[in-house]
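Below is entry36.cif, holding mmCIF, C-alpha atoms.
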```
data_coords
loop_
_atom_site.label_atom_id
_atom_site.label_comp_id
_atom_site.auth_asym_id
_atom_site.auth_seq_id
_atom_site.Cartn_x
_atom_site.Cartn_y
_atom_site.Cartn_z
CA MET O 1 85.59 -2.35 -44.54
CA SER O 2 83.52 -5.13 -46.10
CA ARG O 3 84.52 -8.31 -47.86
CA ASP O 4 83.29 -10.42 -50.69
CA PRO O 5 80.76 -12.81 -49.12
CA GLU O 6 81.93 -15.54 -51.48
CA THR O 7 85.20 -15.78 -49.54
CA ASP O 8 83.38 -16.65 -46.30
CA VAL O 9 86.44 -16.09 -44.09
CA PRO O 10 88.97 -13.28 -43.80
CA GLY O 11 92.19 -13.17 -45.70
CA ASP O 12 94.97 -10.63 -45.28
CA THR O 13 93.66 -7.31 -44.01
CA PRO O 14 95.34 -3.98 -43.34
CA LEU O 15 93.04 -3.31 -40.42
CA LEU O 16 94.71 -2.60 -37.09
CA GLY O 17 94.73 -5.68 -34.87
CA ALA O 18 94.52 -8.23 -37.69
CA LEU O 19 95.86 -11.71 -36.99
CA PRO O 20 99.32 -12.25 -38.51
CA GLU O 21 99.73 -15.34 -40.67
CA SER O 22 102.51 -16.73 -38.45
CA LEU O 23 100.34 -16.47 -35.34
CA ARG O 24 97.39 -18.03 -37.16
CA ALA O 25 99.32 -21.27 -37.66
CA GLU O 26 100.55 -21.23 -34.07
CA LEU O 27 97.03 -20.83 -32.71
CA ILE O 28 95.72 -23.75 -34.74
CA ALA O 29 98.52 -25.88 -33.29
CA PHE O 30 97.69 -24.60 -29.79
CA ARG O 31 94.01 -25.47 -30.22
CA ARG O 32 94.88 -28.97 -31.40
CA ASP O 33 97.16 -29.53 -28.43
CA VAL O 34 94.41 -28.49 -26.00
CA HIS O 35 91.93 -30.65 -27.92
CA MET O 36 94.20 -33.67 -27.51
CA HIS O 37 94.53 -33.13 -23.75
CA PRO O 38 91.02 -32.33 -22.44
CA GLU O 39 90.57 -31.72 -18.72
CA LEU O 40 87.40 -31.59 -16.66
CA GLY O 41 86.21 -28.65 -14.57
CA PHE O 42 88.61 -27.54 -11.82
CA GLN O 43 91.15 -30.08 -13.14
CA GLU O 44 92.50 -27.94 -15.99
CA PHE O 45 96.07 -27.74 -14.68
CA ARG O 46 97.82 -28.60 -17.96
CA THR O 47 95.61 -26.22 -19.93
CA THR O 48 96.19 -23.42 -17.43
CA ALA O 49 99.94 -23.98 -17.57
CA ALA O 50 99.96 -23.90 -21.38
CA ILE O 51 98.06 -20.61 -21.48
CA LYS O 52 100.27 -19.09 -18.77
CA THR O 53 103.47 -20.13 -20.52
CA ARG O 54 102.43 -18.57 -23.83
CA LEU O 55 101.28 -15.31 -22.23
CA GLU O 56 104.52 -15.02 -20.26
CA ALA O 57 106.49 -15.63 -23.45
CA ALA O 58 104.73 -12.55 -24.84
CA GLY O 59 106.00 -10.50 -21.89
CA LEU O 60 102.69 -10.52 -20.02
CA SER O 61 101.98 -11.26 -16.36
CA PRO O 62 99.09 -13.73 -16.06
CA ARG O 63 97.66 -14.55 -12.62
CA VAL O 64 96.45 -18.07 -11.87
CA LEU O 65 93.16 -18.18 -9.97
CA PRO O 66 93.22 -19.36 -6.33
CA GLY O 67 92.05 -22.91 -7.11
CA GLY O 68 95.07 -23.51 -9.33
CA THR O 69 93.13 -23.63 -12.59
CA GLY O 70 92.06 -20.73 -14.75
CA LEU O 71 93.81 -17.39 -14.93
CA THR O 72 93.47 -13.73 -15.79
CA CYS O 73 95.82 -11.42 -17.64
CA ASP O 74 95.67 -7.67 -18.19
CA ILE O 75 96.80 -6.21 -21.51
CA GLY O 76 97.98 -2.61 -21.30
CA SER O 77 98.05 -0.43 -18.22
CA TRP O 78 94.80 0.25 -16.42
CA ASP O 79 94.51 3.88 -15.36
CA GLY O 80 92.28 3.00 -12.42
CA VAL O 81 89.55 5.23 -13.78
CA ARG O 82 88.09 4.01 -17.05
CA PRO O 83 86.67 0.48 -16.59
CA MET O 84 88.34 -2.27 -18.58
CA LEU O 85 86.77 -4.47 -21.24
CA ALA O 86 86.99 -8.15 -20.25
CA ILE O 87 87.18 -10.99 -22.78
CA ARG O 88 86.23 -14.39 -21.36
CA ALA O 89 87.01 -17.97 -22.35
CA ASP O 90 86.04 -21.24 -20.66
CA ILE O 91 88.75 -23.92 -20.62
CA ASP O 92 87.18 -27.19 -19.41
CA ALA O 93 86.13 -30.27 -21.38
CA LEU O 94 83.33 -32.83 -21.10
CA PRO O 95 83.27 -36.37 -19.61
CA ILE O 96 82.44 -38.09 -22.90
CA PRO O 97 84.59 -40.13 -25.32
CA ASP O 98 86.02 -38.53 -28.45
CA THR O 99 84.61 -40.59 -31.32
CA LYS O 100 86.36 -38.82 -34.19
CA THR O 101 88.48 -41.18 -36.26
CA ASP O 102 89.64 -39.02 -39.16
CA VAL O 103 91.79 -36.36 -37.47
CA PRO O 104 95.26 -36.56 -35.88
CA TYR O 105 94.29 -34.37 -32.92
CA ARG O 106 91.56 -36.50 -31.36
CA SER O 107 91.56 -36.75 -27.58
CA THR O 108 94.32 -38.82 -25.99
CA VAL O 109 92.40 -39.04 -22.70
CA PRO O 110 89.79 -41.82 -22.39
CA ASP O 111 86.22 -40.58 -21.90
CA ARG O 112 87.24 -36.94 -22.13
CA ALA O 113 86.61 -34.62 -25.06
CA HIS O 114 86.42 -30.97 -26.03
CA ALA O 115 82.96 -31.53 -27.48
CA CYS O 116 81.64 -28.03 -26.77
CA GLY O 117 84.33 -25.91 -28.40
CA HIS O 118 86.00 -24.62 -25.26
CA ASP O 119 89.38 -25.36 -26.85
CA VAL O 120 88.42 -22.89 -29.57
CA HIS O 121 87.17 -20.31 -27.06
CA THR O 122 90.46 -20.59 -25.17
CA THR O 123 92.56 -20.26 -28.31
CA VAL O 124 90.59 -17.28 -29.60
CA VAL O 125 91.00 -15.32 -26.36
CA LEU O 126 94.68 -16.24 -26.18
CA GLY O 127 95.17 -15.08 -29.76
CA ALA O 128 93.34 -11.82 -29.13
CA GLY O 129 95.53 -11.22 -26.09
CA LEU O 130 98.71 -11.76 -28.09
CA VAL O 131 97.62 -9.37 -30.84
CA LEU O 132 96.51 -6.74 -28.33
CA ALA O 133 99.79 -7.13 -26.42
CA ASP O 134 101.69 -6.23 -29.59
CA LEU O 135 99.51 -3.15 -30.01
CA ALA O 136 100.06 -2.18 -26.38
CA ARG O 137 103.85 -2.36 -26.79
CA GLU O 138 103.55 -0.11 -29.83
CA GLY O 139 101.44 2.35 -27.86
CA ARG O 140 98.39 1.69 -30.04
CA LEU O 141 96.05 0.06 -27.49
CA PRO O 142 93.89 2.91 -26.19
CA CYS O 143 92.51 1.15 -23.11
CA ALA O 144 93.48 -1.81 -20.94
CA VAL O 145 91.81 -5.15 -21.58
CA ARG O 146 91.47 -8.10 -19.23
CA LEU O 147 91.56 -11.70 -20.43
CA ILE O 148 89.63 -14.21 -18.31
CA PHE O 149 90.31 -17.92 -18.77
CA GLN O 150 87.67 -19.49 -16.59
CA PRO O 151 87.56 -23.09 -15.32
CA ALA O 152 84.58 -25.38 -14.93
CA GLU O 153 81.86 -23.90 -17.12
CA GLU O 154 80.35 -27.38 -17.41
CA VAL O 155 80.13 -27.83 -13.62
CA MET O 156 76.92 -26.39 -12.16
CA PRO O 157 76.56 -23.70 -10.99
CA GLY O 158 79.67 -22.87 -13.00
CA GLY O 159 83.26 -21.84 -12.42
CA ALA O 160 82.33 -18.25 -13.19
CA ILE O 161 81.17 -17.86 -9.60
CA SER O 162 84.54 -18.78 -8.12
CA ALA O 163 86.29 -16.60 -10.71
CA ILE O 164 84.12 -13.62 -9.75
CA ASP O 165 84.77 -14.31 -6.07
CA ALA O 166 88.49 -14.18 -6.90
CA GLY O 167 88.08 -10.63 -8.20
CA VAL O 168 88.28 -11.11 -11.98
CA LEU O 169 85.72 -8.34 -12.50
CA ASP O 170 87.49 -5.76 -10.35
CA GLY O 171 87.97 -2.76 -12.60
CA VAL O 172 85.89 -4.27 -15.41
CA GLY O 173 83.04 -2.31 -16.96
CA ARG O 174 81.94 -4.62 -19.81
CA ILE O 175 82.52 -8.23 -20.75
CA ILE O 176 82.30 -10.16 -24.04
CA ALA O 177 82.55 -13.79 -25.11
CA VAL O 178 81.77 -16.17 -27.95
CA HIS O 179 80.40 -19.69 -28.06
CA CYS O 180 80.97 -22.08 -30.95
CA ASP O 181 77.85 -22.72 -33.01
CA PRO O 182 77.91 -25.67 -35.46
CA ARG O 183 74.75 -24.33 -37.13
CA VAL O 184 76.50 -21.16 -38.31
CA ASP O 185 79.01 -21.13 -41.17
CA VAL O 186 82.60 -20.17 -40.44
CA GLY O 187 83.17 -16.50 -41.17
CA ARG O 188 79.88 -15.48 -39.59
CA ILE O 189 78.52 -14.83 -36.13
CA GLY O 190 75.03 -15.08 -34.66
CA LEU O 191 73.99 -12.18 -32.48
CA ARG O 192 70.94 -10.85 -30.66
CA THR O 193 70.04 -8.30 -28.03
CA GLY O 194 68.33 -9.68 -24.92
CA PRO O 195 68.31 -13.31 -23.79
CA ILE O 196 70.46 -15.60 -25.94
CA THR O 197 70.60 -18.66 -23.66
CA SER O 198 68.30 -20.03 -20.98
CA ALA O 199 68.43 -20.78 -17.30
CA CYS O 200 69.47 -24.32 -16.49
CA ASP O 201 69.20 -26.19 -13.18
CA ARG O 202 69.94 -29.81 -12.26
CA LEU O 203 67.44 -32.09 -10.61
CA GLU O 204 67.90 -35.43 -8.76
CA VAL O 205 64.84 -37.30 -7.49
CA THR O 206 64.82 -40.37 -5.23
CA LEU O 207 61.63 -42.37 -4.69
CA ASP O 208 61.40 -44.87 -1.81
CA GLY O 209 58.96 -47.63 -0.88
CA PRO O 210 58.82 -51.01 0.87
CA GLY O 211 59.51 -53.13 -2.23
CA GLY O 212 57.95 -56.52 -2.83
CA HIS O 213 57.08 -59.29 -5.27
CA THR O 214 55.88 -58.47 -8.77
CA ALA O 215 53.09 -61.02 -8.20
CA ARG O 216 51.58 -58.76 -5.52
CA PRO O 217 51.97 -55.09 -6.54
CA HIS O 218 48.75 -54.28 -4.67
CA LEU O 219 50.50 -55.01 -1.36
CA THR O 220 53.33 -52.54 -1.84
CA THR O 221 54.34 -49.44 -3.76
CA ASP O 222 54.93 -50.22 -7.41
CA MET O 223 58.12 -48.23 -7.60
CA VAL O 224 58.77 -48.68 -11.31
CA THR O 225 55.31 -47.39 -12.16
CA ALA O 226 55.71 -44.53 -9.68
CA ALA O 227 58.99 -43.51 -11.32
CA ALA O 228 57.45 -43.78 -14.78
CA ARG O 229 54.50 -41.61 -13.75
CA VAL O 230 56.80 -38.98 -12.23
CA ALA O 231 58.82 -38.96 -15.46
CA VAL O 232 55.72 -38.46 -17.61
CA ASP O 233 53.25 -36.59 -15.40
CA ALA O 234 55.44 -34.07 -13.56
CA PRO O 235 56.39 -32.21 -16.77
CA ALA O 236 52.74 -32.29 -17.82
CA VAL O 237 51.63 -30.81 -14.49
CA LEU O 238 54.20 -28.02 -14.82
CA SER O 239 52.98 -27.21 -18.32
CA ARG O 240 49.58 -26.33 -16.86
CA ARG O 241 50.84 -24.33 -13.88
CA ILE O 242 53.49 -22.12 -15.46
CA ASP O 243 52.97 -19.62 -18.26
CA THR O 244 54.03 -21.44 -21.42
CA ARG O 245 55.68 -18.25 -22.66
CA SER O 246 58.35 -18.70 -19.98
CA GLY O 247 59.60 -21.76 -21.86
CA LEU O 248 60.11 -23.81 -18.71
CA VAL O 249 60.95 -27.41 -19.59
CA LEU O 250 61.63 -30.35 -17.26
CA THR O 251 63.51 -33.05 -19.17
CA TRP O 252 64.82 -36.32 -17.74
CA GLY O 253 68.21 -37.71 -18.72
CA ARG O 254 68.40 -40.64 -16.29
CA ILE O 255 65.97 -43.09 -14.73
CA GLU O 256 67.03 -46.16 -12.74
CA ALA O 257 65.03 -48.74 -10.80
CA GLY O 258 65.40 -52.38 -9.86
CA HIS O 259 67.73 -55.28 -10.55
CA ALA O 260 65.50 -58.32 -11.14
CA PRO O 261 62.40 -58.81 -13.31
CA ASN O 262 60.33 -60.37 -10.51
CA VAL O 263 61.24 -57.95 -7.70
CA ILE O 264 59.54 -54.61 -7.12
CA PRO O 265 62.44 -52.39 -6.04
CA GLN O 266 62.54 -50.28 -2.91
CA ARG O 267 64.11 -47.32 -4.66
CA ALA O 268 64.00 -45.51 -7.98
CA GLU O 269 66.06 -42.54 -9.12
CA LEU O 270 65.54 -39.92 -11.77
CA GLY O 271 67.89 -37.17 -12.92
CA GLY O 272 67.27 -34.33 -15.30
CA THR O 273 67.38 -30.63 -15.98
CA VAL O 274 65.01 -27.71 -15.64
CA ARG O 275 65.47 -25.10 -18.36
CA CYS O 276 63.69 -21.78 -18.61
CA LEU O 277 63.71 -18.91 -21.11
CA ASP O 278 62.44 -16.29 -18.68
CA LEU O 279 64.52 -14.96 -15.78
CA GLU O 280 61.57 -14.21 -13.51
CA ALA O 281 59.96 -17.62 -14.05
CA TRP O 282 63.34 -19.22 -13.31
CA ARG O 283 63.44 -17.53 -9.91
CA HIS O 284 60.17 -19.27 -8.94
CA ALA O 285 60.87 -22.60 -10.67
CA PRO O 286 62.10 -24.65 -7.67
CA ASP O 287 58.85 -24.34 -5.69
CA GLN O 288 56.76 -25.26 -8.72
CA VAL O 289 58.94 -28.26 -9.59
CA TYR O 290 59.00 -29.54 -6.01
CA ALA O 291 55.21 -29.38 -5.78
CA ALA O 292 54.59 -31.13 -9.12
CA ILE O 293 56.94 -34.04 -8.41
CA ASP O 294 55.78 -34.50 -4.83
CA GLU O 295 52.11 -34.60 -5.86
CA VAL O 296 52.68 -37.27 -8.51
CA ALA O 297 54.89 -39.36 -6.23
CA THR O 298 52.40 -39.16 -3.35
CA LEU O 299 49.55 -40.19 -5.65
CA HIS O 300 51.40 -43.45 -6.32
CA GLY O 301 52.44 -44.04 -2.71
CA ALA O 302 56.11 -43.23 -3.05
CA LYS O 303 58.15 -41.20 -0.60
CA CYS O 304 60.01 -38.50 -2.44
CA GLN O 305 63.36 -36.79 -1.90
CA ILE O 306 64.33 -33.99 -4.26
CA GLU O 307 67.74 -32.40 -4.74
CA TYR O 308 67.34 -29.22 -6.76
CA VAL O 309 70.69 -27.73 -7.72
CA ARG O 310 70.58 -24.15 -8.93
CA GLY O 311 72.53 -23.82 -12.14
CA VAL O 312 72.72 -20.64 -14.17
CA PRO O 313 70.37 -17.82 -15.12
CA PRO O 314 69.91 -16.87 -18.80
CA VAL O 315 72.59 -14.92 -20.62
CA VAL O 316 70.89 -11.60 -21.43
CA ASN O 317 72.89 -9.59 -23.93
CA ASP O 318 73.15 -5.91 -23.08
CA ALA O 319 72.12 -3.76 -26.06
CA ALA O 320 75.21 -1.54 -26.02
CA VAL O 321 77.67 -4.42 -25.67
CA ALA O 322 75.89 -6.45 -28.35
CA GLN O 323 76.22 -3.39 -30.60
CA LEU O 324 79.94 -3.33 -29.86
CA LEU O 325 80.26 -6.92 -31.12
CA HIS O 326 78.10 -6.06 -34.12
CA ASP O 327 80.27 -3.08 -35.03
CA ALA O 328 83.48 -5.08 -34.51
CA MET O 329 82.32 -7.86 -36.83
CA ALA O 330 81.12 -5.36 -39.39
CA ALA O 331 84.52 -3.67 -39.35
CA ARG O 332 86.29 -6.98 -40.00
CA LEU O 333 83.99 -8.78 -42.42
CA GLY O 334 81.07 -6.55 -43.22
CA THR O 335 77.49 -6.68 -42.02
CA TYR O 336 76.73 -9.68 -44.27
CA ALA O 337 78.75 -11.77 -41.79
CA ILE O 338 76.29 -11.07 -38.95
CA GLU O 339 73.08 -13.03 -38.67
CA ASP O 340 70.24 -12.97 -36.21
CA THR O 341 70.13 -15.87 -33.79
CA GLU O 342 67.42 -17.22 -31.54
CA GLN O 343 67.41 -17.81 -27.82
CA SER O 344 68.43 -21.39 -27.09
CA LEU O 345 67.52 -23.64 -24.18
CA GLY O 346 71.19 -24.24 -23.48
CA GLY O 347 72.71 -22.90 -20.27
CA GLU O 348 75.94 -20.87 -19.95
CA ASP O 349 77.57 -19.64 -16.76
CA PHE O 350 78.72 -16.51 -18.60
CA SER O 351 75.42 -15.21 -17.24
CA TRP O 352 76.91 -14.89 -13.74
CA TYR O 353 79.31 -12.17 -14.93
CA MET O 354 76.34 -10.25 -16.25
CA GLU O 355 74.80 -10.15 -12.80
CA HIS O 356 77.64 -7.68 -12.08
CA VAL O 357 78.52 -5.91 -15.35
CA PRO O 358 76.83 -5.55 -18.74
CA GLY O 359 78.01 -8.00 -21.36
CA ALA O 360 77.19 -9.88 -24.51
CA MET O 361 77.93 -13.23 -26.11
CA ALA O 362 78.04 -13.96 -29.83
CA ARG O 363 77.69 -17.33 -31.52
CA LEU O 364 80.86 -18.06 -33.47
CA GLY O 365 80.28 -19.94 -36.71
CA VAL O 366 82.38 -23.10 -36.90
CA ARG O 367 80.58 -25.03 -39.67
CA ARG O 368 82.40 -25.57 -42.93
CA PRO O 369 80.22 -24.05 -45.66
CA GLY O 370 78.28 -26.78 -47.44
CA ASP O 371 78.75 -29.30 -44.63
CA THR O 372 75.56 -31.33 -44.17
CA SER O 373 76.77 -33.65 -41.39
CA ARG O 374 74.88 -31.66 -38.74
CA LEU O 375 77.50 -31.92 -36.03
CA ASP O 376 76.19 -30.76 -32.67
CA LEU O 377 77.61 -29.73 -29.33
CA HIS O 378 78.14 -32.33 -26.60
CA ARG O 379 78.63 -35.13 -29.11
CA GLY O 380 81.82 -37.14 -29.28
CA ASN O 381 82.33 -36.38 -32.97
CA PHE O 382 82.08 -32.60 -32.59
CA ASP O 383 84.71 -30.65 -34.49
CA VAL O 384 85.16 -27.20 -36.02
CA ASP O 385 86.41 -25.47 -39.12
CA GLU O 386 89.59 -24.02 -37.64
CA ARG O 387 89.34 -20.87 -39.75
CA ALA O 388 86.90 -19.78 -37.03
CA ILE O 389 89.90 -19.08 -34.79
CA GLN O 390 90.99 -16.13 -36.91
CA VAL O 391 87.43 -14.83 -37.08
CA GLY O 392 87.11 -14.95 -33.30
CA VAL O 393 90.48 -13.32 -32.67
CA GLU O 394 89.77 -10.44 -35.04
CA LEU O 395 86.27 -10.00 -33.62
CA PHE O 396 87.73 -9.54 -30.14
CA THR O 397 90.62 -7.33 -31.20
CA ALA O 398 88.27 -5.09 -33.16
CA ALA O 399 85.91 -4.92 -30.18
CA ALA O 400 88.77 -3.89 -27.88
CA LEU O 401 89.88 -1.18 -30.28
CA LEU O 402 86.37 0.12 -30.85
CA ASP O 403 85.71 0.09 -27.13
CA GLY O 404 88.79 2.23 -26.73
CA GLY O 405 87.57 4.74 -29.27
CA LEU O 406 89.49 3.80 -32.42
#
```
Show this structure as structure tokens.
Amino acid sequence: MSRDPETDVPGDTPLLGALPESLRAELIAFRRDVHMHPELGFQEFRTTAAIKTRLEAAGLSPRVLPGGTGLTCDIGSWDGVRPMLAIRADIDALPIPDTKTDVPYRSTVPDRAHACGHDVHTTVVLGAGLVLADLAREGRLPCAVRLIFQPAEEVMPGGAISAIDAGVLDGVGRIIAVHCDPRVDVGRIGLRTGPITSACDRLEVTLDGPGGHTARPHLTTDMVTAAARVAVDAPAVLSRRIDTRSGLVLTWGRIEAGHAPNVIPQRAELGGTVRCLDLEAWRHAPDQVYAAIDEVATLHGAKCQIEYVRGVPPVVNDAAVAQLLHDAMAARLGTYAIEDTEQSLGGEDFSWYMEHVPGAMARLGVRRPGDTSRLDLHRGNFDVDERAIQVGVELFTAAALLDGGL
């Protein structure tokens, strides 16, 4: 069934698994409540409780993960033979202030904000679970589905690892997810087969030296210059030692050195990320990064300590699961609502699930058509067109039904 592209978002539909109008309003209110009460990774106790309460009210039996945040919930009865489809949401927020001033649901927690759309992801998976639960009670859900509400996506190497260790993939054969995309209009999704995100690691560098007087830099290690050269030259060295097609990028987000204008400090610190488009190049990245930084630091007389924290590999969409999302979106809105998307340099710990089972992630359009404000993720003013909630719910419900053979 296709729709008029001029409408941009779905209206009433007779398709099985459509979102009822009454539930649509409830989900918007749920998203706003979560948005107003953001919680950081592994601290999402209120959010977990809210999800659990609503699922239990629907007659379901959610299971909180061992750490006390995050939960899973099975819809329908698993026969122990056919693997389940898992639908994943991440529930944590970011440690940045909410700078929106024109909405009643801005964050009530200082320096905390849902600036990456995880409140939308959470609401969409909750809504899909409620719709699928109704179908299961009516005997119209052909196969069991598992909901995964995962904590700490923003905490490297990601809460997905602890969730997997807790057994959330037991009995699961495929997994799907969405991520909000402010570059895509509401009513549409971005989709691709193959890598859709990149690997992302965290890097902390400490440079040490004897310190001294700025009048006599020749008698000591000029730590500020050493830090500046590491910041500039290490990425340049890497660009000549690693195949540029791998897309490996070392980018600094923090540099600190000194306290007085006439004192050469004894220590300087740099922090940044290493991102990589290619999985194989990512596996060898630490050795290359260590060598490049150490060489530049040594050249300028600084002792170097490097903390390289492995983050996440790229999300590589499985062809068959990406096709499932494609077919589900086409069934709800028509193929016009699906657009190609490029691989980004952003990292996503959804990739850890795909080390175990095939999966795919779609980019969920959240931009109001015609909006030219260019809102972006991880900014304090990030917000969404809430009509995206219905689009996401119906995408997931359609995927579950198609996966079950309807």
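The smallest atom-to-atom distance between O:Gly247 and any of O:Ala199, O:Ala234, O:Pro210, O:Ala268, using all atoms listed in the file, is found for O:Ala199.
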Evaluate the PyMOL selection byres ((chain O and resi 226) around 9) on the structure here and hand back the selected residues as a CSV table (one decimal) with C-alpha atoms, in the frame of the given file.
```csv
chain,number,residue,atom,x,y,z
O,207,LEU,CA,61.6,-42.4,-4.7
O,221,THR,CA,54.3,-49.4,-3.8
O,222,ASP,CA,54.9,-50.2,-7.4
O,223,MET,CA,58.1,-48.2,-7.6
O,224,VAL,CA,58.8,-48.7,-11.3
O,225,THR,CA,55.3,-47.4,-12.2
O,227,ALA,CA,59.0,-43.5,-11.3
O,228,ALA,CA,57.4,-43.8,-14.8
O,229,ARG,CA,54.5,-41.6,-13.8
O,230,VAL,CA,56.8,-39.0,-12.2
O,231,ALA,CA,58.8,-39.0,-15.5
O,268,ALA,CA,64.0,-45.5,-8.0
O,296,VAL,CA,52.7,-37.3,-8.5
O,297,ALA,CA,54.9,-39.4,-6.2
O,298,THR,CA,52.4,-39.2,-3.4
O,299,LEU,CA,49.6,-40.2,-5.6
O,300,HIS,CA,51.4,-43.4,-6.3
O,301,GLY,CA,52.4,-44.0,-2.7
O,302,ALA,CA,56.1,-43.2,-3.0
```
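With all atoms listed in the file as the basis for measurement, O:Gln43 is the residue among O:Gln150, O:Gln43, O:Thr53, O:Ser239 that approaches O:Leu94 most closely.
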Residue nearest O:Ser344 among O:Gly190, O:Gly211, O:Gly311, O:Pro265 (counting all atoms listed in the file): O:Gly190
Name the residues in contact with O:Val64 at a cut-off of 10 Å, using all atoms listed in the file, excluding same-chain residues fewer than 2 positions from it; report them as a compact mmCIF listing (two decimals) with C-alpha atoms, keeping the file's coordinate frame.
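Below is the file that was written, out-v6.txt:
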```txt
# COMPACT_ATOMS: atom_id res chain seq x y z
CA THR O 48 96.19 -23.42 -17.43
CA ALA O 49 99.94 -23.98 -17.57
CA LYS O 52 100.27 -19.09 -18.77
CA SER O 61 101.98 -11.26 -16.36
CA PRO O 62 99.09 -13.73 -16.06
CA PRO O 66 93.22 -19.36 -6.33
CA GLY O 67 92.05 -22.91 -7.11
CA GLY O 68 95.07 -23.51 -9.33
CA THR O 69 93.13 -23.63 -12.59
CA GLY O 70 92.06 -20.73 -14.75
CA LEU O 71 93.81 -17.39 -14.93
CA THR O 72 93.47 -13.73 -15.79
CA CYS O 73 95.82 -11.42 -17.64
CA PHE O 149 90.31 -17.92 -18.77
```
Would you give me, as JSON lines, each residue of stretch 316-341 of chain O having an atom within 7 Å of an atom of stretch 360-371 of chain O, along with its shortest atom pair and that distance in Å to one decimal, using all atoms listed in the file and sorting by chain and residue number?
```
{"residue": "O:Asn317", "atom": "CA", "partner": "O:Ala360", "partner_atom": "CA", "distance": 4.3}
{"residue": "O:Asp318", "atom": "CA", "partner": "O:Ala360", "partner_atom": "CA", "distance": 5.8}
{"residue": "O:Val321", "atom": "CA", "partner": "O:Ala360", "partner_atom": "CA", "distance": 5.6}
{"residue": "O:Ala322", "atom": "CA", "partner": "O:Ala360", "partner_atom": "CA", "distance": 5.3}
```
